Amino acid sequence: MVMSWIWTGIVLLSILCAAATGKGGQLSSAAMQGAQAGVTLAVSMAGAICLWSGVGKLMAVCGITGALSRRMRPLLVRLFPSAAADVSLAGDLSANICANLLGLGNAATPMGIRAAKRMVRGDIATDELCRLVVLNTASIQLIPTNVAAVRSAFGCTAPFDILPAVWITSALSAGLGVMAAYLLGKVRRG
């Protein structure tokens with residue numbers, strides 16, 4: 001709601017400034033160019049999202065996601081102790097994390113929401129739910145498909161040359177975020 005008001009204010013301020021300076025034609029031209037660029041970017045990204053979402057589906061059908069889930073189980077149980085007792089929660093968590101590892105944030109969202117719903121206890125966010133939110137926000141990515149698609153759409157000849165930087169920053173942000181969530185959970189209880 002607040003962002004709607006901010007966005008509306010920015011648009012109105014732009015219109016007023018363009019009217020005051022006599023640059024209404026330039027404003028309308030820039031708006032049209034921006035809209036066209038947005039549509040072009042969305043269409044070019046749709047292909048990459050469809051491709052990698054399909055790869056994710058194939059991984060699930062072939063059992064790769066299940067194998068990754070079994071391999072991730074020791075880590076999942078340490079981060080999310082309730083996943084040890086709830087097999088569905090463990091499956092949703094592992095699928096969510098695997099999709100994020102592949103850079104499929106859009107495909108990871110439904111699984112993350114299902115996992116979050118299983119973690120809710122009354123009206124209070126549990127420590128596990130906070131860790132899930134942190135991990136989804138930090139989004140450790142081995143293959144940043146969406147970023148690579150954007151870079152490719154804008155003419156980059158080597159869209160995956162950012163991999164080392166993405167790996168380092170996402171590992172650091174996720175690690176520090178989980179540690180902060182853990183420490184803040186202890187402070188809240190203590």
# chains A, B, ... in the order shown; residues from 1 in each chain; ligands from 1

$ residues_around --residues "A:Asp86" --least-positions-apart "3" --cutoff "12 Å" --atoms "only C-alpha atoms" --output "list in words"
Arg73, Leu76, Val77, Phe80, Pro81, Ser82, Ala83, Leu89, Ala90, Gly91, Asp92, Leu93, Ala115, Arg118 and Met119 of chain A

$ residues_around --residues "A:Pro144" --least-positions-apart "4" --cutoff "9 Å" --atoms "only C-alpha atoms" --output "list in words"
Asn100, Leu101, Leu102, Gly103, Leu104, Ala148, Ala149, Phe160, Ile162, Leu163 and Val166 of chain A

$ write_last_selection --atoms "C-alpha atoms" --output "tab-separated table (two decimals), in the first residue's frame"
chain	number	residue	atom	x	y	z
A	100	ASN	CA	16.73	-21.29	-5.37
A	101	LEU	CA	20.11	-22.96	-5.96
A	102	LEU	CA	19.20	-23.15	-9.64
A	103	GLY	CA	18.19	-19.50	-9.64
A	104	LEU	CA	14.50	-20.32	-10.08
A	148	ALA	CA	21.92	-14.31	-16.81
A	149	ALA	CA	18.73	-13.95	-18.86
A	160	PHE	CA	27.44	-16.36	-16.74
A	162	ILE	CA	29.43	-13.35	-12.88
A	163	LEU	CA	29.28	-16.82	-11.27
A	166	VAL	CA	27.34	-14.55	-7.20

$ closest_atom_pairs --of "stretch 72-184 of chain A" --to "stretch 63-68 of chain A" --cutoff "10 Å" --atoms "only C-alpha atoms" --output "tab-separated table"
residue	atom	partner	partner_atom	distance
A:Met72	CA	A:Leu68	CA	6.0
A:Arg73	CA	A:Leu68	CA	8.5
A:Gly91	CA	A:Gly66	CA	7.9
A:Ser94	CA	A:Leu68	CA	7.4
A:Ala95	CA	A:Thr65	CA	6.6
A:Ile97	CA	A:Leu68	CA	9.9
A:Cys98	CA	A:Thr65	CA	7.4
A:Ala99	CA	A:Thr65	CA	9.2

$ closest_atom_pairs --of "stretch 76-175 of chain A" --to "stretch 29-38 of chain A" --cutoff "12 Å" --atoms "only C-alpha atoms" --output "CSV"
residue,atom,partner,partner_atom,distance
A:Val150,CA,A:Gly38,CA,11.2
A:Ala153,CA,A:Ala37,CA,10.5
A:Phe154,CA,A:Ala37,CA,10.2

$ atom_distance --atom1 "atom CA of A:Lys23" --atom2 "atom CA of A:Val39"
24.6 Å

$ closest_residue --among "A:Val147, A:Ala20, A:Met179, A:Leu172" --to "A:Ser44" --atoms "only C-alpha atoms"
A:Val147

$ residues_around --residues "A:Met111" --least-positions-apart "2" --cutoff "6 Å" --atoms "only C-alpha atoms" --output "CSV table (one decimal) with N, CA and C atoms, in the first residue's frame"
chain,number,residue,atom,x,y,z
A,92,ASP,N,9.1,-30.0,0.8
A,92,ASP,CA,8.9,-28.6,0.4
A,92,ASP,C,10.1,-27.7,0.6
A,96,ASN,N,12.3,-26.1,-2.4
A,96,ASN,CA,12.4,-24.7,-2.3
A,96,ASN,C,13.9,-24.3,-2.4
A,108,ALA,N,10.5,-21.5,-7.0
A,108,ALA,CA,10.7,-21.8,-5.5
A,108,ALA,C,9.6,-21.2,-4.7
A,109,THR,N,8.9,-20.2,-5.1
A,109,THR,CA,7.9,-19.5,-4.3
A,109,THR,C,6.8,-20.4,-3.8
A,113,ILE,N,6.1,-21.1,0.2
A,113,ILE,CA,4.8,-20.8,0.8
A,113,ILE,C,4.2,-22.0,1.5
A,114,ARG,N,4.3,-23.1,0.9
A,114,ARG,CA,3.7,-24.3,1.5
A,114,ARG,C,4.5,-24.7,2.8

$ residues_around --residues "A:Arg189" --least-positions-apart "4" --cutoff "12 Å" --atoms "only C-alpha atoms" --output "mmCIF file with C-alpha atoms, in the first residue's frame"
data_model
loop_
_atom_site.group_PDB
_atom_site.id
_atom_site.type_symbol
_atom_site.label_atom_id
_atom_site.label_comp_id
_atom_site.auth_asym_id
_atom_site.auth_seq_id
_atom_site.Cartn_x
_atom_site.Cartn_y
_atom_site.Cartn_z
ATOM 1 C CA THR A 126 8.737 -19.308 14.655
ATOM 2 C CA ASP A 127 12.527 -19.195 14.555
ATOM 3 C CA TYR A 182 19.770 -17.778 15.041
ATOM 4 C CA LEU A 183 21.331 -15.214 17.397
ATOM 5 C CA LEU A 184 18.257 -12.977 17.396
ATOM 6 C CA GLY A 185 16.103 -16.015 18.166
#

$ closest_residue --among "A:Cys130, A:Ala46, A:Ile15, A:Val178" --to "A:Ser28" --atoms "only C-alpha atoms"
A:Ile15

$ atom_distance --atom1 "atom CA of A:Met45" --atom2 "atom CA of A:Ser139"
18.8 Å

$ select_by_dssp --residues "stretch 35-172 of chain A" --states "helix (DSSP H, G or I)" --output "number ranges by chain"
A: 35-62, 64-79, 81-84, 87-101, 105-119, 127-138, 145-153, 163-172

$ write_last_selection --atoms "C-alpha atoms" --output "CSV table (one decimal), in the first residue's frame"
chain,number,residue,atom,x,y,z
A,35,ALA,CA,7.2,0.6,-21.4
A,36,GLN,CA,8.6,-0.9,-24.6
A,37,ALA,CA,11.8,-1.8,-22.9
A,38,GLY,CA,9.9,-3.4,-20.1
A,39,VAL,CA,7.8,-5.6,-22.4
A,40,THR,CA,10.9,-6.6,-24.4
A,41,LEU,CA,12.7,-7.6,-21.2
A,42,ALA,CA,9.7,-9.5,-19.9
A,43,VAL,CA,9.4,-11.5,-23.1
A,44,SER,CA,13.1,-12.3,-23.3
A,45,MET,CA,13.2,-13.4,-19.7
A,46,ALA,CA,10.1,-15.5,-20.1
A,47,GLY,CA,12.0,-17.9,-22.3
A,48,ALA,CA,14.7,-18.4,-19.8
A,49,ILE,CA,12.2,-18.8,-17.0
A,50,CYS,CA,10.3,-21.4,-19.0
A,51,LEU,CA,13.4,-23.3,-19.8
A,52,TRP,CA,14.7,-23.5,-16.3
A,53,SER,CA,11.3,-24.2,-14.8
A,54,GLY,CA,11.1,-27.1,-17.3
A,55,VAL,CA,14.5,-28.3,-16.2
A,56,GLY,CA,13.2,-28.2,-12.6
A,57,LYS,CA,10.1,-30.3,-13.5
A,58,LEU,CA,12.3,-32.8,-15.3
A,59,MET,CA,14.6,-33.0,-12.2
A,60,ALA,CA,11.5,-33.8,-10.1
A,61,VAL,CA,10.2,-36.4,-12.5
A,62,CYS,CA,13.7,-38.1,-12.9
A,64,ILE,CA,17.0,-35.8,-9.0
A,65,THR,CA,15.1,-33.5,-6.6
A,66,GLY,CA,14.3,-36.4,-4.3
A,67,ALA,CA,18.0,-37.4,-4.3
A,68,LEU,CA,19.0,-33.9,-3.5
A,69,SER,CA,16.4,-33.8,-0.8
A,70,ARG,CA,17.8,-37.0,0.8
A,71,ARG,CA,21.4,-35.5,0.6
A,72,MET,CA,20.2,-32.2,2.1
A,73,ARG,CA,18.2,-33.9,4.9
A,74,PRO,CA,21.0,-33.6,7.5
A,75,LEU,CA,21.4,-29.9,6.9
A,76,LEU,CA,17.7,-29.3,6.7
A,77,VAL,CA,17.1,-31.1,10.1
A,78,ARG,CA,19.7,-28.9,11.7
A,79,LEU,CA,18.3,-25.6,10.3
A,81,PRO,CA,14.2,-29.3,13.4
A,82,SER,CA,10.5,-29.8,12.7
A,83,ALA,CA,11.4,-31.1,9.2
A,84,ALA,CA,12.6,-34.3,10.9
A,87,VAL,CA,8.2,-35.4,5.6
A,88,SER,CA,6.0,-33.1,3.6
A,89,LEU,CA,7.7,-30.1,5.2
A,90,ALA,CA,11.1,-31.6,4.4
A,91,GLY,CA,10.1,-32.1,0.8
A,92,ASP,CA,8.9,-28.6,0.4
A,93,LEU,CA,11.9,-27.1,2.1
A,94,SER,CA,14.4,-29.1,-0.1
A,95,ALA,CA,12.5,-28.4,-3.3
A,96,ASN,CA,12.4,-24.7,-2.3
A,97,ILE,CA,16.2,-24.6,-1.6
A,98,CYS,CA,17.0,-26.6,-4.8
A,99,ALA,CA,15.0,-24.3,-6.9
A,100,ASN,CA,16.7,-21.3,-5.4
A,101,LEU,CA,20.1,-23.0,-6.0
A,105,GLY,CA,13.1,-17.9,-7.5
A,106,ASN,CA,9.7,-18.0,-9.3
A,107,ALA,CA,9.5,-21.8,-9.2
A,108,ALA,CA,10.7,-21.8,-5.5
A,109,THR,CA,7.9,-19.5,-4.3
A,110,PRO,CA,5.0,-22.0,-4.1
A,111,MET,CA,7.1,-24.5,-2.3
A,112,GLY,CA,8.4,-21.9,0.1
A,113,ILE,CA,4.8,-20.8,0.8
A,114,ARG,CA,3.7,-24.3,1.5
A,115,ALA,CA,6.7,-24.8,3.9
A,116,ALA,CA,6.0,-21.5,5.6
A,117,LYS,CA,2.4,-22.5,6.2
A,118,ARG,CA,3.5,-25.7,7.9
A,119,MET,CA,5.8,-23.8,10.2
A,127,ASP,CA,12.5,-19.2,14.6
A,128,GLU,CA,12.4,-21.8,11.8
A,129,LEU,CA,10.1,-19.6,9.7
A,130,CYS,CA,12.4,-16.7,10.2
A,131,ARG,CA,15.3,-18.8,9.0
A,132,LEU,CA,13.3,-19.8,5.9
A,133,VAL,CA,12.5,-16.2,5.1
A,134,VAL,CA,16.2,-15.3,5.5
A,135,LEU,CA,17.3,-18.2,3.2
A,136,ASN,CA,14.8,-17.3,0.6
A,137,THR,CA,15.8,-13.6,0.8
A,138,ALA,CA,19.5,-14.4,0.5
A,145,THR,CA,19.4,-18.0,-14.4
A,146,ASN,CA,17.2,-14.8,-14.2
A,147,VAL,CA,20.3,-12.5,-13.9
A,148,ALA,CA,21.9,-14.3,-16.8
A,149,ALA,CA,18.7,-13.9,-18.9
A,150,VAL,CA,18.6,-10.2,-18.2
A,151,ARG,CA,22.3,-9.8,-19.1
A,152,SER,CA,21.8,-11.8,-22.3
A,153,ALA,CA,18.7,-9.7,-23.2
A,163,LEU,CA,29.3,-16.8,-11.3
A,164,PRO,CA,32.2,-16.5,-8.8
A,165,ALA,CA,30.9,-13.2,-7.5
A,166,VAL,CA,27.3,-14.5,-7.2
A,167,TRP,CA,28.6,-17.6,-5.3
A,168,ILE,CA,30.6,-15.6,-2.8
A,169,THR,CA,28.0,-12.9,-2.2
A,170,SER,CA,25.1,-15.3,-1.9
A,171,ALA,CA,27.0,-17.7,0.4
A,172,LEU,CA,28.1,-14.8,2.6

$ atom_distance --atom1 "atom CA of A:Ala181" --atom2 "atom CA of A:Ile124"
14.9 Å

$ decode --residues "stretch 173-185 of chain A" --atoms "C-alpha atoms" --output "short mmCIF file (atom, residue, chain, number, x, y, z; two decimals), in the first residue's frame"
data_model
loop_
_atom_site.label_atom_id
_atom_site.label_comp_id
_atom_site.auth_asym_id
_atom_site.auth_seq_id
_atom_site.Cartn_x
_atom_site.Cartn_y
_atom_site.Cartn_z
CA SER A 173 24.62 -13.21 2.73
CA ALA A 174 22.86 -16.50 3.49
CA GLY A 175 25.43 -17.52 6.10
CA LEU A 176 25.36 -14.18 7.88
CA GLY A 177 21.57 -14.00 7.63
CA VAL A 178 21.04 -17.45 9.14
CA MET A 179 23.55 -16.67 11.88
CA ALA A 180 21.78 -13.38 12.66
CA ALA A 181 18.38 -15.12 12.71
CA TYR A 182 19.77 -17.78 15.04
CA LEU A 183 21.33 -15.21 17.40
CA LEU A 184 18.26 -12.98 17.40
CA GLY A 185 16.10 -16.02 18.17
#
